[in-house]
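Everything on this sheet refers to the single structure shown next.
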Amino acid sequence: MPFKLAIDGKPHSLTILARRPQLVVAVDGRRHVVETVDAAGDGRRALTIDGAETGFVRAETVEGALLRIDGRTIEVRRLDAATEASAAGSGAHLVRAPMPGIVISIHKTAGDSVRRGETVITIESMKLQMKLDAPRDGEIAEIGIREGEGFEKDAVLARLAAPASEG
Amino acid sequence: MSRLQSAINTASADFRRNEAHNRRIVAEFRERQEAARHRRPQRDLERLDRQKKLTPRQRIELLLDPGTPFLELSSLAANMAYGGESPSASSIVGIGIVSGREVVVRADDPTVKGGAWYPLTAKKIVRALDIAMENRLPVIHLCDSAGGFLQLQSEVFPDRYMAGRIFRNQSILSKMGVKQLALVFGHCTAGGAYIPGLSDYSVIVRGTGAVFLGGPPLVKAATGEDVTVEELGGADMHTSVSGTCDYPADSEEHAIEIGREIVSQWDRLPRWDIQREAPEEPFYDPAEIYGIVPDDIKKSFEMREIIARVVDGSRFHEYQPAYGTTLVCGFANIWGYKVGILANNGVLFNDSSLKGAHFIELCNQNNTPLVFLQNITGYMVGREYERRGITKDGAKMIMAQSCSRVPKFTVMCNGSFGAGNYGMCGRAFDGRFLFSWPNHQIGVMGGDQAANTLAEVKANQMRRNGSAVDQAEIARLWEETRKAYQEQLSAYYATSELWDDGIIDPLDTRNALGMAISASLNAPLGPPGYGVFRF
């Protein structure tokens, strides 16, 4: 299966052609032979690409890795269908009630901008207080309920504004 | 497997408040554990020294392979019983490595009332032997006990799961081909004498070790015979005359050396072939769990954030991410071992119960052990949900879970209230191991709810009897009920009564589960199949 990688934000495709005796990959259709030279104990590593030795340091991130090569930091992210879909923010502009209950407090009002994971409303149901968070970064378009009011499961309690279209 | 993405802000006020709160709770747990493990009256330690005996923890340290971990179980058993005079229920139990084999180590504690068995001591030993049976782990008994605590004999001796069960379990273990070794350091009196008697191998220390059904005072009272400990049940008599013990040893260290050599003769049976990958540390720092678990049992939290700090690489393959969202289900690896995780993100509804039952069936079909992360206030109540059959959907989950053939592990991460405890593999459901975090609370309902319910019942009773509702009486009942409930809801009470296999620091969850899963692989999987699901 070919991979898609975002290297410093730009998409590239990568296919593994062979693993043995050496790793052979095609990056955007160009073939390269890769050999690992060594991994020094201090985190520095080196490999040869088409015969030329390249040293680098690698640190993992949530979605990929940061590489340090020749004094320059390069961000590599794996692009898969799931991350591409979530970057497009598919369908995620509703804050729904996961359980029937009542509203304890409302933390945002229409027009506020929110970050993904920021609490919009706190509810209580079956002895449990629960924070309902923004599903993505955006702006609150509407809060559909008041403090102290009750609601059914799956009721829409808040709505985010549709994302402004890019470019 | 893709990595979970944390939405936790470690700089937020909430995070910091939770962190301070949970660090305080864990510090208190550590303090109590330290006291139970090491704090003893000076005269008891001096007596041990005079007898040239080691403490039970020194014995265990000598027994285990150097540099290997020891998973101690129920270190705070009996912490709220007998006025606290039986730390760890006068008994140390754990899983460790001896001569390269995973074993259950079980030690009497002669620093407390001569190692006498309290009722909860018997319960703890029976549980240790149940663990040995369920996981086919050999057992090493470190014997040094005066016998049953006579003042409480009615709670130690007669019933099915009391002391007799220890010897029954020993016999069944031997029949199963699971080895047992007894190292006799002190006295094995009365019932305790059967521990070496029913072990496949036994070693006894000259001078201090003794095995007899009745000690010299009891013999004197019964028959008038005058006899010394050595003559009656000492090392030389038992290893050269009666054949009750196998090897004499000149010191405790010598006995442990012989014991380690015996264990190294034991065959190693094949473990079942679980799916395994190279282990990987969680991507997110497990210490952040302290900032995630709220400072109030009533506040919920995102269980995926906990999963991300327990599993390998914080990687999680979530099953049915959009259905029955109050139960998070999915596959992950812990120390490389493939597991199926079920974790509560709210009350169980019809859809979450069905999803749970289905996921359990998938794991059974895939030979994947189950890990339950409990934070549950119950199944949903109300007319709408009864009409949709919340009871029968919950029953499906309980059925699938009860009949599982794969090993099950439960971690009490916060609340465990009502029937949700059952569906999520509570103590009654034969999970291989059950650990609790120190913030855990457990009960059929919360303290406030119980007090409200009883107050309501009482008020109705007064109305029915035609008398006026006595508000002061109701208030008194409410307060009393709540207080009694609150004490019994705590993790300390639960672990005191051995409703779990011990309280653990949340940061140790990954290691405890790793050792528990590894231990579980020694027993073959049970037969597949379920009872009748109600559709």
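To be explicit about the labels: the chains of the structure tokens are called A, B, and onward in the order shown, and within each one the residues are counted from 1, while ligands get numbers from 1 in the order they are shown.
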### Query
When the cut-off is 6 Å and we count only C-alpha atoms, which residues of chain A are near chain B, given as a ChimeraX atom specification?
/A:117,128-130
### DSSP alpha helix (DSSP H) residues within segment 109-233 of chain B, as a ChimeraX atom specification
/B:119-135,153-156,163-176,194-197,216-223,229-233
I need the chosen residues saved as a JSON list (two decimals), in the first residue's frame, with C-alpha atoms.
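What landed in selection.json:
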[["chain", "number", "residue", "atom", "x", "y", "z"],
["B", 119, "PRO", "CA", -11.19, -14.24, 59.23],
["B", 120, "LEU", "CA", -9.89, -11.93, 56.48],
["B", 121, "THR", "CA", -6.54, -13.78, 56.52],
["B", 122, "ALA", "CA", -8.37, -16.94, 55.56],
["B", 123, "LYS", "CA", -10.28, -15.03, 52.87],
["B", 124, "LYS", "CA", -7.03, -13.64, 51.49],
["B", 125, "ILE", "CA", -5.32, -17.05, 51.41],
["B", 126, "VAL", "CA", -8.36, -18.65, 49.74],
["B", 127, "ARG", "CA", -8.28, -15.88, 47.12],
["B", 128, "ALA", "CA", -4.53, -16.43, 46.57],
["B", 129, "LEU", "CA", -5.17, -20.11, 45.91],
["B", 130, "ASP", "CA", -8.12, -19.27, 43.63],
["B", 131, "ILE", "CA", -5.73, -17.10, 41.63],
["B", 132, "ALA", "CA", -3.31, -20.03, 41.47],
["B", 133, "MET", "CA", -6.08, -22.31, 40.19],
["B", 134, "GLU", "CA", -7.53, -19.87, 37.66],
["B", 135, "ASN", "CA", -4.12, -19.03, 36.22],
["B", 153, "GLN", "CA", -13.21, -18.89, 65.36],
["B", 154, "SER", "CA", -16.83, -18.74, 64.15],
["B", 155, "GLU", "CA", -15.68, -16.47, 61.32],
["B", 156, "VAL", "CA", -12.52, -18.43, 60.52],
["B", 163, "ALA", "CA", -10.14, -21.88, 56.44],
["B", 164, "GLY", "CA", -11.19, -25.35, 55.26],
["B", 165, "ARG", "CA", -11.30, -23.97, 51.73],
["B", 166, "ILE", "CA", -7.54, -23.36, 51.88],
["B", 167, "PHE", "CA", -6.88, -27.08, 52.21],
["B", 168, "ARG", "CA", -9.57, -27.99, 49.70],
["B", 169, "ASN", "CA", -7.95, -25.60, 47.19],
["B", 170, "GLN", "CA", -4.50, -27.03, 47.93],
["B", 171, "SER", "CA", -5.78, -30.52, 47.15],
["B", 172, "ILE", "CA", -7.48, -29.44, 43.91],
["B", 173, "LEU", "CA", -4.36, -27.53, 42.82],
["B", 174, "SER", "CA", -2.30, -30.67, 43.26],
["B", 175, "LYS", "CA", -4.84, -32.68, 41.26],
["B", 176, "MET", "CA", -4.62, -30.07, 38.49],
["B", 194, "TYR", "CA", -1.95, -29.17, 56.51],
["B", 195, "ILE", "CA", -0.25, -26.48, 54.40],
["B", 196, "PRO", "CA", 3.06, -28.38, 54.27],
["B", 197, "GLY", "CA", 1.07, -31.60, 54.55],
["B", 216, "PRO", "CA", 2.67, -28.87, 73.50],
["B", 217, "PRO", "CA", 0.13, -26.96, 75.69],
["B", 218, "LEU", "CA", -2.82, -28.54, 73.88],
["B", 219, "VAL", "CA", -1.25, -32.02, 74.11],
["B", 220, "LYS", "CA", -0.67, -31.50, 77.83],
["B", 221, "ALA", "CA", -4.30, -30.47, 78.35],
["B", 222, "ALA", "CA", -5.68, -33.31, 76.23],
["B", 223, "THR", "CA", -3.59, -36.28, 77.33],
["B", 229, "VAL", "CA", 8.31, -28.66, 70.34],
["B", 230, "GLU", "CA", 11.30, -30.40, 68.72],
["B", 231, "GLU", "CA", 10.13, -33.88, 69.74],
["B", 232, "LEU", "CA", 6.53, -33.21, 68.78],
["B", 233, "GLY", "CA", 6.99, -31.64, 65.35]]
### Message
Give me the residues near Glu277 of chain B as a VMD selection string, where near means some atom within 10 Å (using only C-alpha atoms) and where sequence neighbours in that chain fewer than 3 positions away do not count.
### Response
chain B and resid 274 280 312 333 to 338
### Task
Can you pull out every residue within 8 Å of segment 26-37 of chain B, counting only C-alpha atoms, but drop anything in the same chain fewer than 5 positions away, and send it as number ranges by chain?
B: 75-76, 79, 87-88, 438, 505
## Note on the structure
Residue with the minimum atom-to-atom distance to Pro279 of chain B, picked from B:Glu19, B:Arg510, B:Arg260, B:Val205 with only C-alpha atoms counted, is B:Arg510
### Task
Write out as an MDAnalysis selection string which residues come within 12 Å of Leu66 of chain A when counting only C-alpha atoms, dropping same-chain ones fewer than 4 positions away.
chainID A and resid 6:8 56:62 72:78
Find the residues around Lys153 of chain A up to 8 Å (only C-alpha atoms counted), leave out those fewer than 2 positions away in its own chain, and share them as a PDB file with N, CA and C atoms, in the first residue's frame.
ATOM      1  N   ARG A  96     -24.321  17.535  20.941  1.00  0.00           N
ATOM      2  CA  ARG A  96     -25.536  16.785  21.262  1.00  0.00           C
ATOM      3  C   ARG A  96     -25.498  16.263  22.688  1.00  0.00           C
ATOM      4  N   ALA A  97     -26.675  15.987  23.259  1.00  0.00           N
ATOM      5  CA  ALA A  97     -26.758  15.427  24.616  1.00  0.00           C
ATOM      6  C   ALA A  97     -26.513  13.924  24.547  1.00  0.00           C
ATOM      7  N   PRO A  98     -25.482  13.425  25.212  1.00  0.00           N
ATOM      8  CA  PRO A  98     -25.241  11.981  25.191  1.00  0.00           C
ATOM      9  C   PRO A  98     -26.222  11.225  26.082  1.00  0.00           C
ATOM     10  N   MET A  99     -26.866  11.945  27.001  1.00  0.00           N
ATOM     11  CA  MET A  99     -27.820  11.327  27.919  1.00  0.00           C
ATOM     12  C   MET A  99     -28.937  12.333  28.182  1.00  0.00           C
ATOM     13  N   PRO A 100     -30.133  11.871  28.589  1.00  0.00           N
ATOM     14  CA  PRO A 100     -31.151  12.828  29.013  1.00  0.00           C
ATOM     15  C   PRO A 100     -30.719  13.436  30.350  1.00  0.00           C
ATOM     16  N   GLY A 101     -31.086  14.693  30.603  1.00  0.00           N
ATOM     17  CA  GLY A 101     -30.675  15.297  31.877  1.00  0.00           C
ATOM     18  C   GLY A 101     -31.051  16.752  31.935  1.00  0.00           C
ATOM     19  N   PHE A 151     -33.621  18.044  28.980  1.00  0.00           N
ATOM     20  CA  PHE A 151     -33.579  17.681  27.562  1.00  0.00           C
ATOM     21  C   PHE A 151     -33.542  16.164  27.431  1.00  0.00           C
ATOM     22  N   ALA A 155     -30.601  15.336  21.975  1.00  0.00           N
ATOM     23  CA  ALA A 155     -31.048  16.697  21.668  1.00  0.00           C
ATOM     24  C   ALA A 155     -29.828  17.547  21.288  1.00  0.00           C
TER      25      ALA A 155
END
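The protein and nucleic acid residues lying at most 10 Å from Ile121 of chain A are A:Val95, A:Ala97, A:Val103, A:Ile104, A:Ser105, A:Ile106, A:His107, A:Lys108, A:Met130, A:Lys131, A:Leu132, A:Asp133, A:Ala134, A:Ile143, A:Ile145, A:Arg146, A:Glu147, A:Leu157, A:Ala158, with only C-alpha atoms considered and sequence neighbours fewer than 5 positions away removed.
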### Task
Apply DSSP to the structure's backbone, then extract all residues of segment 34-84 of chain A labelled strand (DSSP E or B) and return them as a ChimeraX atom specification.
/A:34-39,44-49,52-60,64-69,72-79
### atom CA of Ser12 of chain B to atom CA of Ala110 of chain A, straight-line distance in Å
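So the answer is 23.0 Å.
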#### Entry: Atom pair atom CA of His38 of chain B / atom CA of Pro56 of chain B: separation (Å)
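About the pair atom CA of His38 of chain B and atom CA of Pro56 of chain B: they are 10.3 Å apart.
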